Each structure stands twice: as C-alpha cells, then as structure tokens.
file query-v2.txt (compact mmCIF, C-alpha atoms)
# COMPACT_ATOMS: atom_id res chain seq x y z
CA MET Q 7 50.74 94.42 43.65
CA MET Q 8 49.74 97.02 46.30
CA PRO Q 9 46.22 98.46 45.73
CA ARG Q 10 46.20 101.94 44.24
CA GLY Q 11 44.45 103.55 47.22
CA LEU Q 12 46.96 102.07 49.68
CA ARG Q 13 49.88 103.21 47.52
CA ARG Q 14 48.46 106.75 47.52
CA LEU Q 15 48.10 106.74 51.31
CA VAL Q 16 51.70 105.52 51.79
CA HIS Q 17 52.88 108.21 49.38
CA LEU Q 18 51.04 110.89 51.36
CA VAL Q 19 52.43 109.71 54.71
CA LEU Q 20 56.02 109.27 53.54
CA PHE Q 21 56.55 112.16 51.17
CA CYS Q 22 54.19 114.97 52.09
CA PRO Q 23 53.16 114.65 55.71
CA MET Q 24 52.72 118.40 56.09
CA SER Q 25 50.96 119.13 52.79
CA LYS Q 26 47.85 121.35 52.97
CA GLY Q 27 45.71 118.57 51.57
CA LEU Q 28 46.68 116.23 54.36
CA GLN Q 29 46.21 118.90 57.00
CA SER Q 30 42.71 119.60 55.77
CA ARG Q 31 41.79 115.89 55.97
CA LEU Q 32 43.23 115.18 59.42
CA PRO Q 33 42.22 116.77 62.71
CA ALA Q 34 44.82 119.07 64.27
CA LEU Q 35 45.47 116.52 67.01
CA LYS Q 36 46.42 113.82 64.53
CA VAL Q 37 48.76 116.19 62.70
CA LYS Q 38 50.48 116.93 66.04
CA TYR Q 39 50.92 113.20 66.72
CA LEU Q 40 52.22 112.72 63.19
CA LEU Q 41 54.77 115.47 63.75
CA LEU Q 42 55.94 113.87 66.99
CA ALA Q 43 56.18 110.47 65.30
CA TRP Q 44 58.28 111.91 62.48
CA LEU Q 45 60.50 113.72 64.96
CA GLY Q 46 60.97 110.46 66.87
CA ILE Q 47 61.86 108.61 63.65
CA LEU Q 48 64.38 111.31 62.67
CA VAL Q 49 66.07 111.28 66.11
CA ALA Q 50 66.16 107.47 66.22
CA SER Q 51 67.61 107.31 62.69
CA TRP Q 52 70.28 109.87 63.61
CA VAL Q 53 71.21 107.97 66.78
CA LEU Q 54 71.44 104.68 64.85
CA TYR Q 55 73.58 106.31 62.16
CA MET Q 56 75.93 107.87 64.73
CA GLN Q 57 76.15 104.57 66.60
CA TYR Q 58 77.03 102.70 63.41
CA SER Q 59 79.58 105.27 62.21
CA SER Q 60 81.14 105.43 65.67
CA TYR Q 61 81.33 101.63 65.88
CA SER Q 62 82.91 101.22 62.44
CA GLU Q 63 85.51 103.89 63.22
CA LEU Q 64 86.38 102.79 66.77
CA CYS Q 65 86.00 99.02 66.60
CA ARG Q 66 88.75 97.38 64.53
CA GLY Q 67 89.23 94.19 66.49
CA HIS Q 68 89.20 92.06 63.33
CA VAL Q 69 92.21 94.03 62.03
CA CYS Q 70 94.00 93.63 65.34
CA HIS Q 71 93.36 89.86 65.32
CA MET Q 72 94.57 89.55 61.73
CA VAL Q 73 97.79 91.54 62.33
CA ILE Q 74 98.73 89.72 65.54
CA CYS Q 75 98.06 86.24 64.14
CA ASP Q 76 99.92 87.03 60.91
CA HIS Q 77 103.01 88.05 62.90
CA TYR Q 78 102.68 84.98 65.14
CA ARG Q 79 102.48 82.53 62.21
CA ARG Q 80 105.56 84.15 60.66
CA GLY Q 81 107.50 83.73 63.90
CA ILE Q 82 107.98 87.46 64.47
CA ILE Q 83 106.19 87.53 67.86
CA SER Q 84 105.36 85.17 70.66
CA GLY Q 85 103.33 85.16 73.87
CA SER Q 86 101.36 83.11 76.35
CA SER Q 87 98.05 83.92 74.59
CA CYS Q 88 99.12 83.37 70.96
CA LYS Q 89 98.13 79.73 70.67
CA ALA Q 90 94.71 80.35 72.27
CA LEU Q 91 94.06 83.35 70.01
CA CYS Q 92 95.37 82.14 66.65
CA GLU Q 93 95.25 78.31 66.72
CA GLU Q 94 92.81 76.99 69.30
CA ARG Q 95 90.45 79.98 69.04
CA SER Q 96 89.72 79.55 72.76
CA LEU Q 97 90.46 83.27 73.25
CA THR Q 98 87.73 85.23 71.47
CA LEU Q 99 86.88 88.91 71.10
CA GLN Q 100 83.25 89.72 71.86
CA ARG Q 101 81.88 93.19 72.73
CA CYS Q 102 83.74 96.28 71.57
CA MET Q 103 84.52 98.77 74.38
CA SER Q 104 87.01 100.96 72.47
CA THR Q 105 87.02 104.73 72.91
CA SER Q 106 89.91 105.25 70.47
CA SER Q 107 90.61 103.72 67.07
CA THR Q 108 94.28 103.30 68.02
CA HIS Q 109 93.61 101.46 71.28
CA GLN Q 110 91.28 98.50 70.80
CA VAL Q 111 89.46 97.23 73.90
CA TYR Q 112 87.16 94.21 73.78
CA SER Q 113 85.46 92.06 76.35
CA GLY Q 114 86.08 88.42 75.56
CA LEU Q 115 86.27 84.85 76.76
CA TRP Q 116 89.36 82.72 77.38
CA LYS Q 117 88.31 79.13 77.96
CA ASP Q 118 84.98 80.40 79.34
CA ARG Q 119 86.69 82.90 81.66
CA PRO Q 120 85.54 86.52 81.17
CA VAL Q 121 88.52 88.69 80.16
CA VAL Q 122 89.37 92.06 78.62
CA ILE Q 123 91.55 92.09 75.49
CA LYS Q 124 93.56 95.21 74.58
CA CYS Q 125 95.53 95.87 71.43
CA GLY Q 126 97.20 98.92 69.90
CA LEU Q 127 96.79 99.87 66.24
CA GLU Q 128 98.30 102.64 64.16
CA GLU Q 129 95.95 105.39 62.95
CA PRO Q 130 94.38 104.17 59.69
CA LEU Q 131 95.92 105.84 56.65
CA LYS Q 132 93.56 108.28 54.95
CA GLY Q 133 94.31 107.17 51.44
CA ASP Q 134 94.84 103.47 52.08
CA GLY Q 135 92.77 101.64 54.66
CA ALA Q 136 93.60 98.16 53.38
CA PRO Q 137 94.64 95.53 55.93
CA ASP Q 138 98.06 95.08 54.33
CA SER Q 139 98.81 98.78 54.92
CA VAL Q 140 98.14 98.22 58.63
CA LEU Q 141 100.49 95.24 58.51
CA ARG Q 142 103.23 97.43 57.07
CA GLN Q 143 102.76 100.04 59.82
CA GLU Q 144 102.69 97.43 62.61
CA MET Q 145 105.98 95.85 61.44
CA THR Q 146 107.91 98.79 62.91
CA LEU Q 147 106.62 97.89 66.40
CA PHE Q 148 108.65 94.69 66.44
CA ASP Q 149 111.98 95.97 65.10
CA LYS Q 150 113.77 95.73 68.49
CA PRO Q 151 115.81 93.98 69.71
CA THR Q 152 117.61 92.97 66.52
CA ARG Q 153 118.95 89.54 65.67
CA GLY Q 154 122.27 88.89 67.40
CA THR Q 155 121.40 90.82 70.59
CA SER Q 156 122.81 88.90 73.57
CA MET Q 157 120.91 88.28 76.80
CA ASP Q 158 123.17 90.70 78.68
CA GLU Q 159 122.58 93.38 76.05
CA PHE Q 160 118.80 92.83 76.30
CA ARG Q 161 118.96 93.20 80.10
CA GLU Q 162 120.88 96.45 79.63
CA MET Q 163 118.26 97.66 77.10
CA LEU Q 164 115.50 96.95 79.62
CA LEU Q 165 117.32 98.64 82.51
CA SER Q 166 118.06 101.74 80.44
CA PHE Q 167 114.45 101.94 79.25
CA LEU Q 168 113.05 101.58 82.78
CA LYS Q 169 115.45 104.22 84.12
CA SER Q 170 114.31 106.71 81.47
CA ASN Q 171 110.65 106.05 82.30
CA LEU Q 172 110.69 105.50 86.07
CA GLY Q 173 113.87 107.26 87.15
CA GLU Q 174 116.78 105.95 89.20
CA GLN Q 175 115.06 103.49 91.54
CA PRO Q 176 116.97 100.98 93.71
CA SER Q 177 114.62 98.11 92.80
CA LEU Q 178 114.79 98.43 88.99
CA THR Q 179 116.92 95.27 88.66
CA THR Q 180 114.06 93.35 90.32
CA LEU Q 181 111.66 94.78 87.75
CA VAL Q 182 114.03 93.79 84.90
CA GLY Q 183 114.01 90.22 86.25
CA ARG Q 184 110.20 90.29 86.39
CA VAL Q 185 109.98 91.42 82.75
CA ILE Q 186 112.39 88.68 81.61
CA THR Q 187 110.41 86.03 83.51
CA LEU Q 188 107.25 87.30 81.84
CA ALA Q 189 108.90 87.19 78.40
CA ASP Q 190 110.05 83.57 78.86
CA VAL Q 191 106.75 82.08 77.71
CA ASN Q 192 107.92 78.47 77.36
CA LYS Q 193 109.81 78.59 80.70
CA ASP Q 194 113.09 77.30 79.22
CA ARG Q 195 115.08 80.03 81.05
CA LYS Q 196 115.93 81.60 77.70
CA VAL Q 197 114.31 84.48 75.87
CA SER Q 198 113.90 83.94 72.14
CA LEU Q 199 114.02 86.82 69.65
CA ALA Q 200 110.22 86.62 69.15
CA GLU Q 201 109.65 86.70 72.93
CA ALA Q 202 112.03 89.66 73.34
CA LYS Q 203 110.39 91.61 70.47
CA SER Q 204 106.94 91.03 71.98
CA VAL Q 205 107.77 92.16 75.51
CA TRP Q 206 109.73 95.17 74.20
CA ALA Q 207 106.72 96.29 72.12
CA LEU Q 208 104.45 95.82 75.15
CA LEU Q 209 106.67 97.94 77.40
CA GLN Q 210 106.11 100.89 75.05
CA ILE Q 211 102.45 100.79 76.18
CA ASN Q 212 102.21 102.84 79.37
CA GLU Q 213 99.38 100.76 80.85
CA PHE Q 214 101.25 97.48 80.38
CA LEU Q 215 104.40 98.88 82.02
CA LEU Q 216 102.33 100.00 85.02
CA MET Q 217 100.54 96.66 85.28
CA VAL Q 218 103.89 94.85 85.45
CA ALA Q 219 105.29 97.34 87.99
CA LEU Q 220 102.14 97.26 90.14
CA GLN Q 221 101.14 93.63 89.62
CA GLU Q 222 101.28 92.83 93.34
CA LYS Q 223 98.96 95.70 94.24
CA GLU Q 224 95.40 94.81 95.18
CA HIS Q 225 93.67 97.44 93.07
CA THR Q 226 95.47 96.81 89.77
CA LEU Q 227 93.93 94.44 87.22
CA LYS Q 228 95.72 91.11 86.90
CA LEU Q 229 97.64 90.52 83.67
CA LEU Q 230 96.61 87.10 82.31
CA GLY Q 231 98.58 86.84 79.07
CA PHE Q 232 99.83 88.51 75.90
CA CYS Q 233 100.66 87.95 72.25
CA GLY Q 234 102.85 90.50 70.52
CA ASP Q 235 101.52 93.86 71.71
CA LEU Q 236 98.07 92.44 72.49
CA TYR Q 237 97.48 91.74 76.18
CA VAL Q 238 94.73 90.12 78.24
CA THR Q 239 93.55 91.20 81.70
CA GLU Q 240 90.93 90.05 84.16
CA ARG Q 241 87.46 91.52 83.67
CA VAL Q 242 85.67 93.30 86.50
CA GLY Q 243 81.91 93.50 86.82
CA HIS Q 244 81.82 97.29 86.52
CA SER Q 245 84.44 99.13 84.47
CA SER Q 246 83.30 102.59 85.59
CA LEU Q 247 82.11 104.23 88.81
CA TYR Q 248 78.89 105.24 87.06
CA ARG Q 249 76.63 102.84 85.23
CA LEU Q 250 75.18 105.32 82.74
CA GLU Q 251 77.53 106.92 80.24
CA VAL Q 252 76.03 109.23 77.64
CA PRO Q 253 77.75 108.88 74.21
CA SER Q 254 79.59 112.01 73.08
CA TYR Q 255 77.18 112.59 70.17
CA LEU Q 256 74.20 112.68 72.60
CA GLN Q 257 75.76 114.87 75.29
CA ALA Q 258 74.42 118.05 73.67
CA LEU Q 259 70.86 116.64 73.83
CA VAL Q 260 70.95 115.14 77.34
CA PRO Q 261 71.23 117.72 80.17
CA GLU Q 262 74.15 117.05 82.50
CA ALA Q 263 71.86 117.39 85.53
CA LEU Q 264 69.65 114.59 84.17
CA SER Q 265 72.52 112.15 83.54
CA SER Q 266 74.01 113.02 86.96
CA SER Q 267 70.67 112.37 88.72
CA LEU Q 268 70.21 109.07 86.89
CA ASN Q 269 73.72 107.96 87.83
CA GLN Q 270 73.16 108.78 91.49
CA TRP Q 271 69.92 106.83 91.40
CA LEU Q 272 71.59 103.83 89.72
CA ALA Q 273 74.68 103.91 91.95
CA PRO Q 274 75.24 101.23 94.63
CA ALA Q 275 74.04 101.83 98.20
CA TRP Q 276 76.10 104.46 100.03
CA PRO Q 277 78.02 101.98 102.26
CA ARG Q 278 79.12 100.13 99.11
CA ARG Q 279 80.23 103.39 97.52
CA ALA Q 280 82.22 104.08 100.70
CA ARG Q 281 83.91 100.67 100.36
CA ILE Q 282 84.82 101.40 96.71
CA THR Q 283 86.16 104.82 97.78
CA ILE Q 284 88.38 103.28 100.47
CA GLY Q 285 89.89 101.03 97.78
CA LEU Q 286 90.47 104.04 95.52
CA LEU Q 287 92.23 105.89 98.37
CA GLU Q 288 94.40 102.81 98.96
CA PHE Q 289 95.38 102.89 95.28
CA ILE Q 290 96.42 106.54 95.70
CA GLU Q 291 98.66 105.41 98.57
CA GLU Q 292 100.10 102.56 96.46
CA VAL Q 293 101.24 104.85 93.63
CA PHE Q 294 102.59 107.57 95.94
CA HIS Q 295 106.30 106.91 96.59
CA GLY Q 296 106.15 103.19 95.80
CA ALA Q 297 109.01 100.81 95.05
CA TYR Q 298 109.26 102.14 91.48
CA GLY Q 299 108.73 105.83 92.22
CA SER Q 300 105.61 107.98 92.20
CA PHE Q 301 102.86 107.86 89.57
CA LEU Q 302 100.45 110.66 88.61
CA MET Q 303 96.84 110.31 87.50
CA CYS Q 304 96.63 112.57 84.46
CA ASP Q 305 92.93 112.02 83.79
CA ALA Q 306 91.04 111.48 87.05
CA SER Q 307 87.78 110.31 85.50
CA PRO Q 308 85.06 107.99 86.87
CA ARG Q 309 85.37 106.07 83.58
CA HIS Q 310 88.78 104.73 84.64
CA VAL Q 311 87.74 103.43 88.08
CA GLY Q 312 85.89 100.12 88.27
CA TYR Q 313 84.88 97.62 90.93
CA ASN Q 314 84.08 93.92 91.20
CA PHE Q 315 81.07 92.07 92.60
CA ARG Q 316 82.48 92.44 96.14
CA TYR Q 317 82.70 96.23 95.62
CA ASP Q 318 86.50 96.19 95.73
CA CYS Q 319 87.99 99.05 93.71
CA LYS Q 320 89.86 98.02 90.55
CA MET Q 321 91.58 100.49 88.23
CA ALA Q 322 89.99 99.47 84.94
CA ASP Q 323 92.10 101.79 82.78
CA LEU Q 324 95.69 102.82 83.63
CA ARG Q 325 96.51 104.54 80.34
CA SER Q 326 96.24 108.00 81.90
CA VAL Q 327 98.50 107.13 84.87
CA ALA Q 328 102.08 108.22 84.21
CA SER Q 329 105.31 108.05 86.18
CA GLU Q 330 106.39 111.31 87.83
CA MET Q 331 109.66 110.91 85.91
CA ALA Q 332 107.84 110.84 82.54
CA VAL Q 333 105.76 113.92 83.42
CA ARG Q 334 108.81 115.89 84.61
CA SER Q 335 110.75 114.95 81.48
CA PHE Q 336 107.86 116.21 79.34
CA LEU Q 337 107.64 119.53 81.21
CA ARG Q 338 111.37 120.22 81.60
CA GLY Q 339 112.45 123.03 79.23
CA ARG Q 340 109.02 123.21 77.57
CA ARG Q 341 108.18 126.63 76.14
CA CYS Q 342 104.94 128.21 77.41
CA GLU Q 343 102.78 131.34 77.49
CA THR Q 344 100.18 130.16 80.02
CA ASN Q 345 99.74 127.28 82.49
CA ALA Q 346 97.62 125.47 79.91
CA ASP Q 347 100.77 125.02 77.79
CA CYS Q 348 102.28 123.03 80.69
CA THR Q 349 99.79 120.16 80.68
CA PHE Q 350 100.65 116.48 80.36
CA GLY Q 351 97.70 114.29 79.45
CA ARG Q 352 94.36 115.83 80.38
CA ASP Q 353 95.01 117.45 83.75
CA CYS Q 354 98.62 117.04 84.96
CA THR Q 355 99.27 120.78 84.86
CA ALA Q 356 102.31 122.71 86.09
CA THR Q 357 102.81 126.47 86.31
CA CYS Q 358 104.37 128.53 83.56
CA ASP Q 359 107.28 130.77 84.52
CA ARG Q 360 106.36 133.77 82.39
CA LEU Q 361 109.70 135.51 82.88
CA VAL Q 362 111.68 132.80 81.11
CA LYS Q 363 108.61 131.37 79.30
CA GLN Q 364 109.31 127.83 80.43
CA CYS Q 365 107.27 125.28 82.36
CA ASN Q 366 108.09 124.40 85.94
CA THR Q 367 108.30 120.66 86.55
CA GLU Q 368 106.07 120.31 89.65
CA VAL Q 369 102.44 119.39 88.93
CA VAL Q 370 100.09 121.75 90.80
CA GLN Q 371 97.30 119.33 91.76
CA PRO Q 372 98.17 115.95 93.33
CA ASN Q 373 96.29 112.70 92.74
CA LEU Q 374 94.35 112.93 95.99
CA ALA Q 375 92.94 116.39 95.22
CA LYS Q 376 91.75 115.23 91.78
CA VAL Q 377 90.10 112.15 93.24
CA CYS Q 378 88.37 114.23 95.93
CA VAL Q 379 86.88 116.49 93.24
CA MET Q 380 85.38 113.34 91.69
CA LEU Q 381 84.18 112.06 95.09
CA GLN Q 382 82.25 115.24 95.88
CA ASP Q 383 79.53 114.04 93.50
CA TYR Q 384 79.95 110.32 94.06
CA LEU Q 385 80.18 110.13 97.85
CA VAL Q 386 78.23 113.04 99.37
CA SER Q 387 74.89 112.11 97.79
CA GLY Q 388 73.05 109.66 100.05
CA ALA Q 389 75.59 109.91 102.89
CA PRO Q 390 74.23 109.44 106.45
CA GLN Q 391 73.09 112.76 107.95
CA ASP Q 392 75.35 112.49 111.01
CA LEU Q 393 78.36 112.00 108.71
CA ARG Q 394 77.55 114.45 105.93
CA ILE Q 395 78.90 117.69 107.46
CA ASP Q 396 82.22 116.09 108.47
CA LEU Q 397 82.52 114.36 105.08
CA GLU Q 398 81.92 117.58 103.13
CA LYS Q 399 84.46 119.41 105.31
CA GLN Q 400 87.16 116.78 104.72
CA LEU Q 401 86.51 116.71 100.97
CA ARG Q 402 86.78 120.53 100.81
CA THR Q 403 90.14 120.34 102.57
CA CYS Q 404 91.22 117.57 100.22
CA VAL Q 405 90.43 119.39 96.95
CA THR Q 406 92.61 122.36 98.01
CA LEU Q 407 95.75 120.20 98.38
CA SER Q 408 98.76 121.45 96.46
CA GLY Q 409 101.20 119.30 94.53
CA LEU Q 410 104.19 121.37 95.66
CA ALA Q 411 106.90 119.24 97.25
CA SER Q 412 106.84 121.27 100.49
CA GLN Q 413 103.21 120.24 101.13
CA MET Q 414 103.11 116.75 99.68
CA GLU Q 415 104.56 114.47 102.33
CA VAL Q 416 102.90 115.04 105.71
CA HIS Q 417 99.80 116.99 104.71
CA HIS Q 418 98.90 114.63 101.86
CA SER Q 419 99.16 111.54 104.09
CA LEU Q 420 97.22 113.19 106.93
CA VAL Q 421 94.27 114.19 104.75
CA LEU Q 422 94.15 110.78 103.06
CA ASN Q 423 94.23 108.87 106.36
CA ASN Q 424 91.58 111.10 107.95
CA LEU Q 425 89.20 110.53 105.04
CA LYS Q 426 89.84 106.80 104.95
CA THR Q 427 89.37 106.48 108.72
CA LEU Q 428 86.09 108.41 108.62
CA LEU Q 429 84.65 106.11 105.96
CA TRP Q 430 85.98 102.91 107.52
CA LYS Q 431 84.56 103.74 110.98
CA THR Q 432 81.13 104.25 109.38
CA ILE Q 433 80.98 100.89 107.59
CA SER Q 434 83.11 98.71 109.89
CA ASN Q 435 81.27 95.99 111.82
CA THR Q 436 78.56 95.97 109.16
CA GLN Q 437 77.81 93.62 106.28
CA TYR Q 438 79.54 96.13 103.94
CA SER Q 439 82.98 95.82 105.56

call {"tool": "encode", "arguments": {"input": "query-v2.txt", "output": "structure tokens"}}
result
Amino acid sequence: MMPRGLRRLVHLVLFCPMSKGLQSRLPALKVKYLLLAWLGILVASWVLYMQYSSYSELCRGHVCHMVICDHYRRGIISGSSCKALCEERSLTLQRCMSTSSTHQVYSGLWKDRPVVIKCGLEEPLKGDGAPDSVLRQEMTLFDKPTRGTSMDEFREMLLSFLKSNLGEQPSLTTLVGRVITLADVNKDRKVSLAEAKSVWALLQINEFLLMVALQEKEHTLKLLGFCGDLYVTERVGHSSLYRLEVPSYLQALVPEALSSSLNQWLAPAWPRRARITIGLLEFIEEVFHGAYGSFLMCDASPRHVGYNFRYDCKMADLRSVASEMAVRSFLRGRRCETNADCTFGRDCTATCDRLVKQCNTEVVQPNLAKVCVMLQDYLVSGAPQDLRIDLEKQLRTCVTLSGLASQMEVHHSLVLNNLKTLLWKTISNTQYS
C-alpha cells in the first residue's frame, strides 16, 4: 500500500496542480515550471494520440496482405511475388509509409533486399469495417477478363485500354507485348485467367501503367514483381527531396519558415542537389513527347521526388503523373465557372471559357515551370556566389513558361537545356559529377 502522505501528494499533483493551497505552498518559480511540465505532457499526449489515430486509419497493410493471399489461394490471381508473399513469407511488410487509406505503401524486405510494397484498398465501409467486407469489395477488381476470353480478345482489350489512356501512339503494340510478357509469370508463353485478371487490375493503377511504359527510363523506379493488384518496386535511400516532413496535424504549430530552414540545413551539399536536379530535368525530358505520348505532373511536390545513395534522381511516386490524353479527356466538355473548375489532380489547370462555360483542354503550366517553382527553394540556397545571379535569372524565366502549344516545343526545350547546361558545367570535372 502507498503511504497516506505520498498518496495525498500524488493527488495534489495530478488533480489540482493550480489549486490555491498548492500555490501558497510552492514558490512562484516552481508553479511556473509545473505549468510548463503540464503543458509539455498535454502536447506530447496529443501528438501521440494523433500519431496513433493517423496510423490506425492510414496503415492497413494486414488487410491488404489478407485480401491478396486469400485471392491467391483461391486461384483468382497470380503474380511473380505471390509465392514469396503468401507461402514462403520471404516478402514482408515492415514500416508503413501510407498517406492514404486506399493506397497502402510499406517499406519491406524481399529475400533481404530492401523494397517498397504498394497495394490498393477500397475505402473502408462506415458501417462495416470487417475484413470480409473488404474481401467483397476487392472481388470486383478481378472481374475482367472473363472465363472464355481468347488470347486475341485479351490483346484487343489491352490495345483498346491503352489507346483510351495514352492516345493513338504508333508503338502501342510494343507496349501490349510488354504487358503480356509481364503477365506470363511462369514463362510458358501462355497467359492464364488468373495472370490476365492480375495484370488487368494493375493497369487500372495509374502509377503501375506509367512504370511499365517508362521502365527503360533511368529515373523511374524498377518494377520487381506483383501479386494481384499489389506490386513491388526497388527502394531508394531518400523518398523525398527534403528529409524533414512535418505531419499535417502539426503544421499549424510549426512555422513554415522554421521547417524550411531546417530542411535547407539538412539538405545535401549544393553540388549534390545540382546533380539531383539534373536528373529531375532529364525526367521532364523523358516524359515530354516520349514513345507513348506526353505525360503531365499534376502534383509537382518535393514528396514525390527521391534520390539514391549516388544522388541520382528517382521518381518515388508517380501517382500524380498522368498522360496528356487522360487530362484532355477529363477537361473536354467539362462545365466551369472559373479556372479552378478546370483542374485535374492538384495543379493541372486549364482555362475556363466563360462565354460557353466549358473548360479548354490545354493545361496552362507545363511540367518544367512547376518543377522550377519547386527548385527556387531547393537549388538557390547555398549556390555558389558566381552562379547565383545567373541561376535565379534562369529559374525566373522557367517559372513563367506557358503550357500553350505555340510555346511548348522550342521555348520549353531551350529553357530546359540552358538550365541543365548551367548546372552541369558547375559540377563537371568534380567528385560530384
């Protein structure tokens, strides 16, 4: 039993820290410290609560694992990662990195190799959060193609789907062949129904489609495997340009200037930032009039741009990159009152024709201009003095670029090459090149 005097002291501290009796017994200085301690405890408790509630809402990897493995054991899906995930357990989910409850992202290990595992989930039902309800929702993902679909019919399905998403491109038949090769997990030159259902479900995920289309590009993450609509990619050392990311529930408490200063202090040395930037500019070139059309970055955020230990740029998140065809299809005929009504994703915005109250289909700001806005903070700080004025001038020119077709071709390429050349000349013939 706790002694009576000690119990009374605990009661005073816990339940009436600001009572007049306590204030009369303690010096004013001690009361001030007690107030600060209580404030610290309250803030820490709130942060822990928000962290826990955020984690439980966003991180549903166990559900994803259960759904995928249930479908695999029933023969509904297939994939090159299924055996490792569901039988051998050599593919394991570790740290949750999800920012959305419907798109699960986990770091993991596959036979001791660091990987990133991504899986889509339906929004949990409000009245029924049981795992079997998730199973019922996920079943609709794998309803195509149906039993009896021939190989020729499946090829036609793929070609039609790719045309609707990427437009009429001369090399689409090559991409169809690439998808079929990817689907043929056991390499028997046939695609089973389970293999076809899996790759069809994966193609509905924008990021997966882009990874397949851009798999030969240097700055796209390598696809390592899949199972159903779960897919595995290589892991890069840094999944964001900035190392410090303030959680959304703390952003009101942490001044933006403070987080920006800390990020600049924690950022790599300037020559390494220049190397990462050159890679990012090369990615902009890769997605501008490539073999499968043009792609637009519809959320140019530092959170989506990563880099490896050699400071090579790697696009860690392609979910916000969309084909120009998809953006135009979304905008065509769309009713509007202001330009804000003509926005695809976060910032792929077109103008609103207020006479006919319909959106135009040309996005106002091109990829390069959006990236240059981001680079004004990332690249100018810490730049060599003899380079700074020229760098700031080129970035100012870059952010004013228009997405209108009349300006895109020559002007876009000229600005991009000038900026890339300026950076490369500064770091070439050094250890950072």

call {"tool": "closest_atom_pairs", "arguments": {"input": "query-v2.txt", "of": "region 48-122 of chain Q", "to": "region 178-200 of chain Q", "cutoff": "9 Å", "atoms": "all atoms listed in the file", "output": "CSV"}}
result
residue,atom,partner,partner_atom,distance
Q:Tyr78,CA,Q:Ala200,CA,8.7
Q:Gly81,CA,Q:Ala200,CA,6.6
Q:Ile82,CA,Q:Ala200,CA,5.3
Q:Ile83,CA,Q:Ala200,CA,4.3
Q:Ser84,CA,Q:Ala200,CA,5.3
Q:Gly85,CA,Q:Val191,CA,6.0
Q:Ser86,CA,Q:Val191,CA,5.7

call {"tool": "residues_around", "arguments": {"input": "query-v2.txt", "residues": "region 311-320 of chain Q", "least_positions_apart": "3", "cutoff": "7 Å", "atoms": "only C-alpha atoms", "output": "VMD selection string"}}
result
chain Q and resid 225 to 227 242 to 247 278 281 to 282 285 to 286 308

call {"tool": "write_last_selection", "arguments": {"input": "query-v2.txt", "atoms": "C-alpha atoms", "output": "short mmCIF file (atom, residue, chain, number, x, y, z; two decimals), in the frame of the given file"}}
result
data_model
loop_
_atom_site.label_atom_id
_atom_site.label_comp_id
_atom_site.auth_asym_id
_atom_site.auth_seq_id
_atom_site.Cartn_x
_atom_site.Cartn_y
_atom_site.Cartn_z
CA HIS Q 225 93.67 97.44 93.07
CA THR Q 226 95.47 96.81 89.77
CA LEU Q 227 93.93 94.44 87.22
CA VAL Q 242 85.67 93.30 86.50
CA GLY Q 243 81.91 93.50 86.82
CA HIS Q 244 81.82 97.29 86.52
CA SER Q 245 84.44 99.13 84.47
CA SER Q 246 83.30 102.59 85.59
CA LEU Q 247 82.11 104.23 88.81
CA ARG Q 278 79.12 100.13 99.11
CA ARG Q 281 83.91 100.67 100.36
CA ILE Q 282 84.82 101.40 96.71
CA GLY Q 285 89.89 101.03 97.78
CA LEU Q 286 90.47 104.04 95.52
CA PRO Q 308 85.06 107.99 86.87
#

call {"tool": "atom_distance", "arguments": {"input": "query-v2.txt", "atom1": "CA of Ser408 (chain Q)", "atom2": "CA of Pro372 (chain Q)"}}
result
6.4 Å

call {"tool": "atom_distance", "arguments": {"input": "query-v2.txt", "atom1": "CA of Cys354 (chain Q)", "atom2": "CA of Lys399 (chain Q)"}}
result
24.9 Å

call {"tool": "closest_residue", "arguments": {"input": "query-v2.txt", "among": "Q:Thr344, Q:Glu292, Q:Thr367, Q:Ala280", "to": "Thr427 (chain Q)", "atoms": "all atoms listed in the file"}}
result
Q:Ala280

call {"tool": "closest_residue", "arguments": {"input": "query-v2.txt", "among": "Q:Glu343, Q:Asp323, Q:Glu159, Q:Glu330", "to": "Thr239 (chain Q)", "atoms": "all atoms listed in the file"}}
result
Q:Asp323

call {"tool": "atom_distance", "arguments": {"input": "query-v2.txt", "atom1": "CA of Ala90 (chain Q)", "atom2": "CA of His71 (chain Q)"}}
result
11.9 Å

call {"tool": "closest_residue", "arguments": {"input": "query-v2.txt", "among": "Q:Asp305, Q:Glu224, Q:Glu398, Q:Asp235", "to": "Gln210 (chain Q)", "atoms": "only C-alpha atoms"}}
result
Q:Asp235

call {"tool": "closest_residue", "arguments": {"input": "query-v2.txt", "among": "Q:Val121, Q:Tyr112, Q:Glu93, Q:Thr357", "to": "Leu230 (chain Q)", "atoms": "only C-alpha atoms"}}
result
Q:Val121

call {"tool": "residues_around", "arguments": {"input": "query-v2.txt", "residues": "region 379-392 of chain Q", "least_positions_apart": "6", "cutoff": "9 Å", "atoms": "all atoms listed in the file", "output": "VMD selection string"}}
result
chain Q and resid 247 to 248 266 270 273 275 to 277 279 to 280 283 306 to 308 398 401 to 402 404 to 405

call {"tool": "closest_residue", "arguments": {"input": "query-v2.txt", "among": "Q:Val69, Q:Arg95, Q:Leu172, Q:Lys223", "to": "Leu115 (chain Q)", "atoms": "only C-alpha atoms"}}
result
Q:Arg95

call {"tool": "closest_residue", "arguments": {"input": "query-v2.txt", "among": "Q:Cys88, Q:Ala332, Q:Ile290, Q:Leu374", "to": "Ser170 (chain Q)", "atoms": "all atoms listed in the file"}}
result
Q:Ala332

call {"tool": "decode", "arguments": {"input": "query-v2.txt", "residues": "region 180-187 of chain Q", "atoms": "N, CA, C and O atoms", "output": "compact mmCIF listing (two decimals), in the first residue's frame"}}
result
# COMPACT_ATOMS: atom_id res chain seq x y z
N THR Q 180 3.86 -2.53 -79.22
CA THR Q 180 5.05 -2.93 -78.45
C THR Q 180 4.73 -2.96 -76.97
O THR Q 180 5.15 -3.87 -76.25
N LEU Q 181 3.97 -1.97 -76.51
CA LEU Q 181 3.60 -1.90 -75.09
C LEU Q 181 2.66 -3.05 -74.73
O LEU Q 181 2.76 -3.62 -73.63
N VAL Q 182 1.74 -3.41 -75.64
CA VAL Q 182 0.86 -4.56 -75.41
C VAL Q 182 1.70 -5.83 -75.22
O VAL Q 182 1.46 -6.63 -74.30
N GLY Q 183 2.70 -6.02 -76.09
CA GLY Q 183 3.59 -7.17 -75.97
C GLY Q 183 4.34 -7.18 -74.65
O GLY Q 183 4.52 -8.24 -74.02
N ARG Q 184 4.74 -6.00 -74.19
CA ARG Q 184 5.45 -5.89 -72.90
C ARG Q 184 4.55 -6.28 -71.74
O ARG Q 184 4.96 -6.97 -70.81
N VAL Q 185 3.28 -5.86 -71.80
CA VAL Q 185 2.32 -6.20 -70.73
C VAL Q 185 2.07 -7.70 -70.71
O VAL Q 185 2.02 -8.32 -69.64
N ILE Q 186 1.92 -8.32 -71.88
CA ILE Q 186 1.66 -9.76 -71.95
C ILE Q 186 2.87 -10.55 -71.44
O ILE Q 186 2.72 -11.54 -70.71
N THR Q 187 4.07 -10.12 -71.77
CA THR Q 187 5.28 -10.76 -71.25
C THR Q 187 5.33 -10.66 -69.73
O THR Q 187 5.71 -11.61 -69.04
